[in-house]
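Undergrad: Please see the structure below; I have some questions.
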Amino acid sequence: MNGGEGRENWQEQQARLIQQARLVVVKVGSAVLTGPHGLEEEMLASLAGQMAALRAMPSGSLSGGQRRIVLVSSGAVAAGRAILRASGHAARQTADTSGLAARQAAAALGQGSLMQAWDAAFAPHAIPTAQVLLTRDDLRARQRFLNARNTFAELLDWDVLPIVNENDTVAVNELKFGDNDCLASLLVNLTGADLCINLTSAPGVLDASGQVMSHVPNVGALDLARLCGGKTLVGTGGMYSKLLAARRAAQIGVPTLILPGRQPDVLARAFAAAAAGEALPGTWICPAGHAIPRRKFWLAYQSEPAGSVQIDAGAARALLERGSSLLPGGVCGLEGSFQKGALLRVLHDGQGLGVGLSNYSAADLKKIMGLKRHEVAAILGDAHYPDVIHRDNLLLDAAV
């Protein structure tokens, strides 16, 4: 059912998909979990209780069974900063945690406290938890991606609740997810989740007049830069990154529910409202009408683009209207120093059209861009590819 067909349709879709969701990725932001003095244990206890109730609630899917939850929890850096402030050592109390190395050190300091707090919050509900720390490289290498998927499947089969965070202590810039909103969207694909819930300090997605949007029929059509403000003080995301993550999830047919995480019993109220056909708190992000292949999702988002290619108008029309591959003759410029197999942005007149895997290094592409096939062969010999980016390795309208 297309989320943009009308009010009744999107509400019916919302009720159906929420009730049928068997595997839910729940992301909780730092601003929800922390206060001036670090982690707020009462808030963690409340959320743990709500997630326990959600797990115990039978799924409405045809296959039946209880819901499973994967929790993506921010808060390690904020918890580490609070520990520093509470320490008696003057140097630690005044430590600057704004730089990358300092943030990584603060995450190392706070990650243990974060997991202990979650363990204590879930203990009254007899729910065992497992800590999973990931870097982008764990999802970029296909074998490691599959290993991670199998690990999550095993934990969920054991009725364990995985608690996921970025491995901030060891991640370098090119291997970082950037924020846990991005991580949550990639976990939707990794785990095969049916629904993503993003708990934030905001009441939902606000329109230009400051009113909460009940639903977004087509998140890809939003002008995120205009609609969204900056990042939060204690987190690294902001609504921009939440909507970018929701756009990625929507592309594989998975909806996102952005909820005010600090409101009492917000998860229970959302599911009850969906079952009753009533208005939900927060904002519902409708899934795309036609889901992209999950392989294309993986290749498009497994790493940050290493460079970009500028293409001419003819090549842009071929990609957008005919679903063609990108040929050397359509390339009129490039940026970056990249190797064969790198992920590249595809640009036309400065506008992003998508991303794809390059069959050429930057050095070779500079030699052949703008040339016809026989001219390419004259320069590179017979060992060349007919296309720069094959259409099977290209995702248009990528959320990067």
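We label chains A, B, ... in the order they appear in the structure tokens, count residues from 1 in each chain, and number ligands from 1 in the order shown.
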Residues near Gly80 (chain A), anyone? I mean within 6 Å using only C-alpha atoms, not counting same-chain ones fewer than 5 positions away, as number ranges by chain.
TA: A: 106-107, 109-110
Undergrad: Convert the current residue selection to file output with C-alpha atoms, as a PDB file, in the first residue's frame.
TA:
ATOM      1  CA  ALA A 106      35.238   9.369  26.938  1.00  0.00           C
ATOM      2  CA  ALA A 107      33.351   6.586  25.143  1.00  0.00           C
ATOM      3  CA  LEU A 109      35.220   5.435  30.008  1.00  0.00           C
ATOM      4  CA  GLY A 110      31.437   5.570  29.712  1.00  0.00           C
TER       5      GLY A 110
END
Undergrad: With only C-alpha atoms as the basis for distance, which of A:Leu187, A:Ala105, A:Ile83, A:Ala123 is at the shortest distance from Thr135 (chain A)?
TA: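 Under the stated criterion, the closest residue is A:Leu187.
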Undergrad: In Å to one decimal, how far is CA of Gly356 (chain A) from CA of His290 (chain A)?
TA: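 Separation of CA of His290 (chain A) and CA of Gly356 (chain A): 19.6 Å.
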Undergrad: So which bits of region 297-328 of chain A end up strand (DSSP E) when you DSSP the backbone, as a list of chain:residue names?
TA: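 These are the residues in question: A:Gly307, A:Ser308, A:Val309, A:Gln310, A:Ile311.
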Undergrad: Just want the 8 Å neighbourhood of Ala398 (chain A), counted on only C-alpha atoms, with same-chain residues fewer than 2 positions away dropped. Output as a list in words.
TA: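 Listed by chain and then number, they are Arg248, Ala300, Leu353, Gly354, Val355, Leu395, Leu396 and Val400 of chain A.
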Undergrad: Can you list, as a JSON list (two decimals) with N, CA and C atoms, in the first residue's frame, every protein, DNA or RNA residue that comes within 8 Å of Leu371 (chain A) when you count only C-alpha atoms, leaving out same-chain residues fewer than 5 positions away?
TA:
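Wrote selection-v1.json, looks like this:
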[["chain", "number", "residue", "atom", "x", "y", "z"],
["A", 328, "PRO", "N", 32.18, 5.63, -20.04],
["A", 328, "PRO", "CA", 33.26, 6.63, -19.96],
["A", 328, "PRO", "C", 32.94, 7.92, -20.70],
["A", 329, "GLY", "N", 32.24, 7.81, -21.82],
["A", 329, "GLY", "CA", 31.94, 9.01, -22.61],
["A", 329, "GLY", "C", 31.06, 10.00, -21.90],
["A", 376, "VAL", "N", 38.79, 4.14, -25.74],
["A", 376, "VAL", "CA", 39.22, 3.58, -24.46],
["A", 376, "VAL", "C", 40.12, 2.39, -24.69]]
